[in-house]
>>> print(open('final35.cif').read())   # mmCIF, C-alpha atoms
data_entry
loop_
_atom_site.label_atom_id
_atom_site.label_comp_id
_atom_site.auth_asym_id
_atom_site.auth_seq_id
_atom_site.Cartn_x
_atom_site.Cartn_y
_atom_site.Cartn_z
CA MET A 1 81.85 119.03 130.58
CA THR A 2 80.47 117.14 127.58
CA PRO A 3 79.45 113.55 128.42
CA GLY A 4 81.48 110.91 126.68
CA PRO A 5 83.48 107.76 127.15
CA PRO A 6 86.06 107.67 129.94
CA ALA A 7 89.45 109.09 129.05
CA THR A 8 92.45 106.83 129.34
CA ALA A 9 94.81 108.55 131.73
CA HIS A 10 98.09 107.62 130.07
CA VAL A 11 98.81 108.06 126.38
CA ARG A 12 101.64 105.55 126.71
CA ASN A 13 102.07 102.78 129.26
CA GLN A 14 105.54 103.49 130.68
CA PHE A 15 103.96 104.35 134.04
CA ASP A 16 101.79 101.23 134.23
CA ARG A 17 104.38 99.38 136.25
CA SER A 18 105.02 97.90 139.67
CA ASP A 19 108.69 98.88 140.22
CA TRP A 20 108.08 102.43 141.43
CA TRP A 21 110.19 101.94 144.56
CA ASP A 22 113.07 100.16 142.83
CA ARG A 23 115.98 102.58 143.20
CA GLY A 24 117.44 101.34 139.92
CA GLY A 25 114.36 102.29 137.88
CA PHE A 26 113.84 105.53 136.00
CA THR A 27 110.62 106.35 137.88
CA TYR A 28 112.50 106.44 141.19
CA GLY A 29 114.98 108.78 139.54
CA LEU A 30 112.08 111.09 138.68
CA HIS A 31 111.09 110.96 142.35
CA GLU A 32 114.57 112.03 143.45
CA LEU A 33 114.58 114.71 140.75
CA LEU A 34 111.15 116.27 141.35
CA ASN A 35 110.14 115.82 144.98
CA PRO A 36 112.79 118.13 146.48
CA VAL A 37 111.42 121.03 144.44
CA ARG A 38 107.72 120.27 144.06
CA VAL A 39 106.94 119.19 147.64
CA PRO A 40 108.02 122.50 149.28
CA TYR A 41 106.08 124.44 146.64
CA VAL A 42 102.91 122.38 147.16
CA LEU A 43 103.14 122.77 150.94
CA ARG A 44 103.67 126.53 150.66
CA ALA A 45 100.66 126.79 148.35
CA LEU A 46 98.47 124.83 150.75
CA GLY A 47 99.45 126.79 153.87
CA ALA A 48 98.15 125.13 157.07
CA VAL A 49 98.17 121.44 156.20
CA ASP A 50 97.19 119.54 159.36
CA ASP A 51 94.56 116.98 158.29
CA LEU A 52 93.88 118.98 155.11
CA PRO A 53 92.08 116.69 152.61
CA VAL A 54 94.23 116.66 149.46
CA LEU A 55 93.80 114.50 146.35
CA ASP A 56 96.89 113.58 144.31
CA ILE A 57 95.56 112.80 140.83
CA GLY A 58 97.91 110.55 138.89
CA CYS A 59 99.71 109.52 142.07
CA GLY A 60 101.77 106.76 140.48
CA GLY A 61 103.65 104.84 143.15
CA GLY A 62 102.90 107.38 145.88
CA TYR A 63 106.01 109.56 145.85
CA LEU A 64 104.10 112.79 146.45
CA THR A 65 101.44 111.36 148.78
CA LYS A 66 104.16 109.96 151.04
CA ALA A 67 105.78 113.38 151.38
CA LEU A 68 102.44 115.13 151.93
CA ALA A 69 101.37 112.64 154.58
CA ALA A 70 104.68 113.11 156.38
CA ALA A 71 103.90 116.85 156.54
CA GLY A 72 100.50 116.21 158.13
CA VAL A 73 98.30 116.31 155.03
CA LYS A 74 95.31 113.94 154.86
CA ALA A 75 96.31 112.73 151.41
CA VAL A 76 94.46 110.43 149.01
CA GLY A 77 95.99 109.17 145.76
CA ILE A 78 94.36 107.96 142.56
CA ASP A 79 95.93 106.51 139.42
CA ILE A 80 94.75 104.70 136.30
CA SER A 81 97.37 101.98 136.81
CA THR A 82 96.36 99.23 139.21
CA ARG A 83 99.98 98.11 139.44
CA ALA A 84 101.08 101.60 140.46
CA VAL A 85 98.34 101.75 143.09
CA VAL A 86 99.39 98.39 144.53
CA ALA A 87 102.98 99.64 144.73
CA ALA A 88 101.82 102.88 146.38
CA ASN A 89 99.70 101.11 149.00
CA HIS A 90 102.58 98.76 149.78
CA ALA A 91 105.19 101.52 150.12
CA VAL A 92 102.92 104.16 151.68
CA PRO A 93 100.37 102.22 153.77
CA GLU A 94 99.46 105.31 155.77
CA VAL A 95 97.80 106.81 152.67
CA ARG A 96 94.76 105.55 150.79
CA HIS A 97 95.50 105.00 147.08
CA ILE A 98 92.82 103.80 144.66
CA ALA A 99 92.68 102.89 140.99
CA GLY A 100 90.56 105.24 138.90
CA ASP A 101 90.38 107.50 135.88
CA ALA A 102 91.47 111.13 136.20
CA ALA A 103 88.73 112.08 133.74
CA ARG A 104 85.96 110.44 135.84
CA LEU A 105 86.91 110.78 139.48
CA PRO A 106 84.91 108.60 141.91
CA PHE A 107 84.41 111.39 144.44
CA ALA A 108 81.56 113.75 145.26
CA ASP A 109 81.64 117.44 144.34
CA GLY A 110 83.75 119.53 146.71
CA SER A 111 85.35 116.55 148.47
CA PHE A 112 88.87 118.01 148.80
CA ASP A 113 90.38 121.28 149.97
CA ALA A 114 93.19 120.86 147.46
CA VAL A 115 93.93 118.77 144.38
CA VAL A 116 97.33 118.17 142.83
CA LEU A 117 97.98 117.19 139.21
CA SER A 118 101.74 116.80 139.09
CA GLU A 119 103.38 115.64 135.86
CA LEU A 120 100.02 114.23 134.72
CA LEU A 121 98.36 116.37 132.07
CA GLU A 122 101.08 115.78 129.47
CA HIS A 123 100.33 112.05 129.68
CA VAL A 124 96.54 112.07 129.28
CA THR A 125 94.42 112.00 126.16
CA GLU A 126 91.96 114.64 127.37
CA PRO A 127 93.67 117.07 129.74
CA GLU A 128 90.73 119.46 129.82
CA ARG A 129 88.43 116.72 131.10
CA CYS A 130 90.92 115.99 133.86
CA VAL A 131 91.06 119.66 134.86
CA ALA A 132 87.25 119.79 134.82
CA GLU A 133 87.04 116.78 137.13
CA ALA A 134 89.72 118.17 139.44
CA ALA A 135 87.75 121.42 139.67
CA ARG A 136 84.53 119.52 140.38
CA VAL A 137 85.91 117.67 143.42
CA LEU A 138 87.62 120.82 144.73
CA ALA A 139 85.87 122.58 147.61
CA PRO A 140 85.06 126.30 147.23
CA GLY A 141 88.13 128.35 148.07
CA GLY A 142 90.44 125.38 147.65
CA PHE A 143 93.69 125.08 145.70
CA MET A 144 94.58 123.27 142.51
CA VAL A 145 98.32 122.77 142.03
CA VAL A 146 99.55 121.69 138.60
CA THR A 147 103.10 120.93 137.49
CA GLY A 148 104.26 119.90 134.05
CA PRO A 149 106.41 120.81 131.05
CA ASN A 150 105.81 123.94 129.01
CA ARG A 151 105.56 123.64 125.21
CA THR A 152 108.58 125.66 124.12
CA LEU A 153 111.75 125.16 122.11
CA TRP A 154 113.70 124.85 125.38
CA SER A 155 111.49 122.04 126.68
CA ARG A 156 111.73 120.27 123.35
CA LEU A 157 115.52 120.49 123.50
CA ALA A 158 115.81 119.36 127.13
CA LEU A 159 113.02 116.80 127.51
CA ILE A 160 112.62 115.38 124.00
CA TRP A 161 115.83 115.74 121.99
CA LEU A 162 118.45 115.52 124.76
CA ALA A 163 116.63 113.22 127.21
CA GLN A 164 114.77 110.88 124.84
CA GLU A 165 116.07 110.94 121.28
CA TRP A 166 119.69 111.97 120.81
CA PRO A 167 122.69 109.80 121.82
CA THR A 168 122.52 111.68 125.15
CA ARG A 169 119.18 110.00 125.92
CA VAL A 170 118.60 108.62 129.43
CA LEU A 171 114.79 108.21 129.37
CA PRO A 172 112.52 105.82 127.44
CA PRO A 173 112.18 107.10 123.86
CA ALA A 174 108.43 107.70 123.99
CA LEU A 175 108.06 108.86 127.58
CA HIS A 176 106.94 112.34 126.52
CA SER A 177 105.26 113.65 123.40
CA TYR A 178 106.09 117.29 122.70
CA SER A 179 102.65 117.97 121.22
CA ALA A 180 101.07 116.98 124.56
CA PHE A 181 102.95 119.64 126.54
CA ILE A 182 100.70 122.46 127.76
CA ARG A 183 101.56 126.17 127.81
CA PRO A 184 100.61 128.17 130.93
CA ASP A 185 98.10 130.30 129.01
CA GLU A 186 96.35 127.13 127.82
CA LEU A 187 96.25 125.76 131.35
CA PHE A 188 94.87 129.01 132.77
CA ALA A 189 92.20 129.08 130.04
CA MET A 190 91.11 125.59 131.12
CA GLY A 191 90.97 126.76 134.71
CA ASP A 192 88.87 129.79 133.78
CA ARG A 193 86.32 127.54 132.10
CA PHE A 194 85.84 125.56 135.30
CA GLY A 195 86.00 128.34 137.88
CA VAL A 196 89.66 128.05 138.89
CA THR A 197 91.47 131.39 139.02
CA ARG A 198 95.20 131.75 138.49
CA ARG A 199 97.10 132.63 141.65
CA ASP A 200 100.74 131.81 140.98
CA LEU A 201 103.13 130.70 138.23
CA VAL A 202 106.69 129.56 138.90
CA GLY A 203 109.38 127.80 136.94
CA ILE A 204 111.34 124.67 137.73
CA GLY A 205 114.82 124.32 136.30
CA LEU A 206 118.55 124.07 136.80
CA ALA A 207 120.59 126.72 138.54
CA PRO A 208 123.48 127.81 136.25
CA ARG A 209 126.00 126.89 138.95
CA ASN A 210 124.76 123.27 138.86
CA LEU A 211 124.86 122.74 135.08
CA VAL A 212 128.27 121.02 135.07
CA ALA A 213 127.39 118.67 137.95
CA ALA A 214 124.07 117.81 136.29
CA ALA A 215 125.76 117.10 132.95
CA ARG A 216 128.29 114.81 134.64
CA ALA A 217 125.53 112.92 136.47
CA LEU A 218 123.51 112.40 133.30
CA TRP A 219 126.60 111.31 131.35
CA SER A 220 127.40 108.79 134.09
CA LEU A 221 123.84 107.54 133.90
CA ARG A 222 124.08 107.20 130.13
CA ARG A 223 127.24 105.08 130.53
CA GLY A 224 125.63 102.92 133.22
CA ALA A 225 128.08 104.18 135.85
CA THR A 226 125.39 105.46 138.22
CA THR A 227 121.73 104.88 139.06
CA TYR A 228 118.67 106.91 138.15
CA ALA A 229 118.21 107.69 141.84
CA ALA A 230 121.74 109.06 142.21
CA ALA A 231 121.51 111.04 138.98
CA GLY A 232 118.15 112.51 139.97
CA THR A 233 119.61 113.65 143.26
CA ALA A 234 122.71 115.15 141.60
CA VAL A 235 120.76 117.22 139.06
CA ARG A 236 119.12 119.24 141.87
CA LEU A 237 116.25 121.08 140.26
CA GLN A 238 115.01 124.23 141.95
CA GLN A 239 112.46 126.99 141.58
CA VAL A 240 113.60 129.49 138.93
CA GLU A 241 112.18 132.63 137.35
CA SER A 242 111.95 131.23 133.84
CA VAL A 243 109.04 128.96 132.92
CA ALA A 244 110.62 127.99 129.59
CA VAL A 245 110.82 124.31 130.61
#
>>> encode(input="final35.cif", output="structure tokens")
Amino acid sequence: MTPGPPATAHVRNQFDRSDWWDRGGFTYGLHELLNPVRVPYVLRALGAVDDLPVLDIGCGGGYLTKALAAAGVKAVGIDISTRAVVAANHAVPEVRHIAGDAARLPFADGSFDAVVLSELLEHVTEPERCVAEAARVLAPGGFMVVTGPNRTLWSRLALIWLAQEWPTRVLPPALHSYSAFIRPDELFAMGDRFGVTRRDLVGIGLAPRNLVAAARALWSLRRGATTYAAAGTAVRLQQVESVAV
């Protein structure tokens, strides 16, 4: 890794906030949307989790660390936003959350048996530096779990045009930048450079049978007739074969 100035974890500041556990906020809606599908996958990837040291990089308000701790994981969270860390420590006091830069982690080499970068790399200025640091603090034989949007036409349609820009929008207009999305082959190439070997690749998406219910929930959210939390629950993402989004 080439020495240089610290990266700034978030390209935009929509996640530098203290209202992570406000059920009316969009971040809590993301929690309801993502946790039901990402938590089971992370736990399956980790295997035996009792007291397993796991670092959640870009932990935000502690949505994932709370679920991991409940499953018996010895979780630690880190985030660039001090306000997010304060919210996480208040809502999830059983887990240690600290403020810090994903590109310069304040941990010794090999400190964790697993590291998780969930919905993080598309929001950082130097994703490769973050992957390098995650690999550095990962113990030999450990797991790195990464989730995030693929850079495809389908993801641009769903996450940029429909969700952020068109009259259908329900998310802040600059929440995601399409150019920052990372394709799986790019992610695996980063891993190869830092000694992390690909083990698994799965998709997250909507089941066809739930498309109508999801559309209704998002339309209700757009009209102000429901909350982000309720809409996130109604959309019901799941593991799918396609990695197009």
>>> closest_residue(input="final35.cif", among="A:Trp20, A:Trp161, A:Trp219, A:Phe181", to="Ala88 (chain A)", atoms="only C-alpha atoms")
A:Trp20
>>> closest_residue(input="final35.cif", among="A:Gly61, A:Gly203, A:Gly142, A:Gly110", to="Ser155 (chain A)", atoms="all atoms listed in the file")
A:Gly203
>>> resolve_selection(input="final35.cif", expression="the PyMOL selection byres ((chain A and resi 229-245) around 9)", output="compact mmCIF listing (two decimals) with C-alpha atoms, keeping the file's coordinate frame")
# COMPACT_ATOMS: atom_id res chain seq x y z
CA ARG A 23 115.98 102.58 143.20
CA GLY A 24 117.44 101.34 139.92
CA GLY A 25 114.36 102.29 137.88
CA PHE A 26 113.84 105.53 136.00
CA THR A 27 110.62 106.35 137.88
CA TYR A 28 112.50 106.44 141.19
CA GLY A 29 114.98 108.78 139.54
CA LEU A 30 112.08 111.09 138.68
CA HIS A 31 111.09 110.96 142.35
CA GLU A 32 114.57 112.03 143.45
CA LEU A 33 114.58 114.71 140.75
CA LEU A 34 111.15 116.27 141.35
CA PRO A 36 112.79 118.13 146.48
CA VAL A 37 111.42 121.03 144.44
CA ARG A 38 107.72 120.27 144.06
CA TYR A 41 106.08 124.44 146.64
CA GLY A 148 104.26 119.90 134.05
CA PRO A 149 106.41 120.81 131.05
CA ASN A 150 105.81 123.94 129.01
CA ARG A 151 105.56 123.64 125.21
CA THR A 152 108.58 125.66 124.12
CA LEU A 153 111.75 125.16 122.11
CA TRP A 154 113.70 124.85 125.38
CA SER A 155 111.49 122.04 126.68
CA ARG A 156 111.73 120.27 123.35
CA ALA A 158 115.81 119.36 127.13
CA LEU A 159 113.02 116.80 127.51
CA PRO A 184 100.61 128.17 130.93
CA LEU A 201 103.13 130.70 138.23
CA VAL A 202 106.69 129.56 138.90
CA GLY A 203 109.38 127.80 136.94
CA ILE A 204 111.34 124.67 137.73
CA GLY A 205 114.82 124.32 136.30
CA LEU A 206 118.55 124.07 136.80
CA ALA A 207 120.59 126.72 138.54
CA ASN A 210 124.76 123.27 138.86
CA LEU A 211 124.86 122.74 135.08
CA ALA A 213 127.39 118.67 137.95
CA ALA A 214 124.07 117.81 136.29
CA ALA A 215 125.76 117.10 132.95
CA ARG A 216 128.29 114.81 134.64
CA ALA A 217 125.53 112.92 136.47
CA LEU A 218 123.51 112.40 133.30
CA SER A 220 127.40 108.79 134.09
CA LEU A 221 123.84 107.54 133.90
CA THR A 226 125.39 105.46 138.22
CA THR A 227 121.73 104.88 139.06
CA TYR A 228 118.67 106.91 138.15
>>> closest_residue(input="final35.cif", among="A:Ala99, A:Pro140, A:His123, A:Ala135", to="Leu175 (chain A)", atoms="all atoms listed in the file")
A:His123
>>> closest_residue(input="final35.cif", among="A:Val115, A:Val124, A:Ala180, A:Ala87", to="Leu55 (chain A)", atoms="only C-alpha atoms")
A:Val115
>>> closest_residue(input="final35.cif", among="A:Ala102, A:Val85, A:Leu157, A:Leu187", to="Cys130 (chain A)", atoms="only C-alpha atoms")
A:Ala102
>>> closest_residue(input="final35.cif", among="A:Ala108, A:Asp16, A:Glu128, A:Asp22", to="Ile80 (chain A)", atoms="only C-alpha atoms")
A:Asp16
>>> resolve_selection(input="final35.cif", expression="the PyMOL selection byres ((chain A and resi 198) around 12)", output="ChimeraX atom specification")
/A:143-146,184-197,199-202
>>> decode(input="final35.cif", residues="region 74-97 of chain A", atoms="N, CA and C atoms", output="PDB file, in the first residue's frame")
ATOM      1  N   LYS A  74     -18.123 -11.596  18.804  1.00  0.00           N
ATOM      2  CA  LYS A  74     -17.422 -10.550  19.548  1.00  0.00           C
ATOM      3  C   LYS A  74     -17.133  -9.416  18.565  1.00  0.00           C
ATOM      4  N   ALA A  75     -18.138  -8.583  18.345  1.00  0.00           N
ATOM      5  CA  ALA A  75     -18.070  -7.576  17.288  1.00  0.00           C
ATOM      6  C   ALA A  75     -17.439  -6.285  17.792  1.00  0.00           C
ATOM      7  N   VAL A  76     -16.759  -5.601  16.857  1.00  0.00           N
ATOM      8  CA  VAL A  76     -16.240  -4.249  17.060  1.00  0.00           C
ATOM      9  C   VAL A  76     -16.627  -3.448  15.826  1.00  0.00           C
ATOM     10  N   GLY A  77     -17.075  -2.213  16.014  1.00  0.00           N
ATOM     11  CA  GLY A  77     -17.447  -1.369  14.889  1.00  0.00           C
ATOM     12  C   GLY A  77     -16.557  -0.147  14.796  1.00  0.00           C
ATOM     13  N   ILE A  78     -16.322   0.313  13.576  1.00  0.00           N
ATOM     14  CA  ILE A  78     -15.551   1.534  13.361  1.00  0.00           C
ATOM     15  C   ILE A  78     -16.193   2.330  12.233  1.00  0.00           C
ATOM     16  N   ASP A  79     -16.243   3.645  12.391  1.00  0.00           N
ATOM     17  CA  ASP A  79     -16.844   4.505  11.375  1.00  0.00           C
ATOM     18  C   ASP A  79     -16.165   5.868  11.406  1.00  0.00           C
ATOM     19  N   ILE A  80     -16.105   6.519  10.254  1.00  0.00           N
ATOM     20  CA  ILE A  80     -15.495   7.837  10.153  1.00  0.00           C
ATOM     21  C   ILE A  80     -16.316   8.904  10.871  1.00  0.00           C
ATOM     22  N   SER A  81     -17.623   8.670  11.011  1.00  0.00           N
ATOM     23  CA  SER A  81     -18.521   9.659  11.589  1.00  0.00           C
ATOM     24  C   SER A  81     -18.603   9.509  13.107  1.00  0.00           C
ATOM     25  N   THR A  82     -18.162  10.529  13.818  1.00  0.00           N
ATOM     26  CA  THR A  82     -18.265  10.507  15.272  1.00  0.00           C
ATOM     27  C   THR A  82     -19.722  10.459  15.716  1.00  0.00           C
ATOM     28  N   ARG A  83     -20.585  11.167  15.009  1.00  0.00           N
ATOM     29  CA  ARG A  83     -22.004  11.171  15.370  1.00  0.00           C
ATOM     30  C   ARG A  83     -22.615   9.787  15.201  1.00  0.00           C
ATOM     31  N   ALA A  84     -22.232   9.080  14.158  1.00  0.00           N
ATOM     32  CA  ALA A  84     -22.733   7.712  13.970  1.00  0.00           C
ATOM     33  C   ALA A  84     -22.236   6.799  15.080  1.00  0.00           C
ATOM     34  N   VAL A  85     -20.985   6.957  15.467  1.00  0.00           N
ATOM     35  CA  VAL A  85     -20.411   6.126  16.526  1.00  0.00           C
ATOM     36  C   VAL A  85     -21.104   6.387  17.861  1.00  0.00           C
ATOM     37  N   VAL A  86     -21.381   7.643  18.150  1.00  0.00           N
ATOM     38  CA  VAL A  86     -22.115   7.969  19.378  1.00  0.00           C
ATOM     39  C   VAL A  86     -23.489   7.301  19.366  1.00  0.00           C
ATOM     40  N   ALA A  87     -24.172   7.371  18.232  1.00  0.00           N
ATOM     41  CA  ALA A  87     -25.484   6.729  18.112  1.00  0.00           C
ATOM     42  C   ALA A  87     -25.371   5.218  18.284  1.00  0.00           C
ATOM     43  N   ALA A  88     -24.320   4.622  17.702  1.00  0.00           N
ATOM     44  CA  ALA A  88     -24.127   3.175  17.809  1.00  0.00           C
ATOM     45  C   ALA A  88     -23.864   2.761  19.252  1.00  0.00           C
ATOM     46  N   ASN A  89     -22.998   3.493  19.946  1.00  0.00           N
ATOM     47  CA  ASN A  89     -22.686   3.137  21.326  1.00  0.00           C
ATOM     48  C   ASN A  89     -23.886   3.331  22.249  1.00  0.00           C
ATOM     49  N   HIS A  90     -24.753   4.278  21.914  1.00  0.00           N
ATOM     50  CA  HIS A  90     -25.954   4.489  22.716  1.00  0.00           C
ATOM     51  C   HIS A  90     -26.972   3.365  22.487  1.00  0.00           C
ATOM     52  N   ALA A  91     -27.151   2.984  21.222  1.00  0.00           N
ATOM     53  CA  ALA A  91     -28.169   1.981  20.885  1.00  0.00           C
ATOM     54  C   ALA A  91     -27.674   0.552  21.084  1.00  0.00           C
ATOM     55  N   VAL A  92     -26.370   0.348  20.977  1.00  0.00           N
ATOM     56  CA  VAL A  92     -25.798  -1.002  21.073  1.00  0.00           C
ATOM     57  C   VAL A  92     -24.650  -0.969  22.089  1.00  0.00           C
ATOM     58  N   PRO A  93     -24.940  -0.750  23.361  1.00  0.00           N
ATOM     59  CA  PRO A  93     -23.872  -0.586  24.353  1.00  0.00           C
ATOM     60  C   PRO A  93     -23.049  -1.843  24.586  1.00  0.00           C
ATOM     61  N   GLU A  94     -23.572  -2.984  24.170  1.00  0.00           N
ATOM     62  CA  GLU A  94     -22.836  -4.232  24.370  1.00  0.00           C
ATOM     63  C   GLU A  94     -21.687  -4.399  23.382  1.00  0.00           C
ATOM     64  N   VAL A  95     -21.585  -3.516  22.403  1.00  0.00           N
ATOM     65  CA  VAL A  95     -20.544  -3.576  21.375  1.00  0.00           C
ATOM     66  C   VAL A  95     -19.687  -2.323  21.453  1.00  0.00           C
ATOM     67  N   ARG A  96     -18.392  -2.494  21.250  1.00  0.00           N
ATOM     68  CA  ARG A  96     -17.475  -1.357  21.206  1.00  0.00           C
ATOM     69  C   ARG A  96     -17.471  -0.774  19.799  1.00  0.00           C
ATOM     70  N   HIS A  97     -17.808   0.519  19.688  1.00  0.00           N
ATOM     71  CA  HIS A  97     -17.741   1.243  18.420  1.00  0.00           C
ATOM     72  C   HIS A  97     -16.781   2.415  18.590  1.00  0.00           C
TER      73      HIS A  97
END
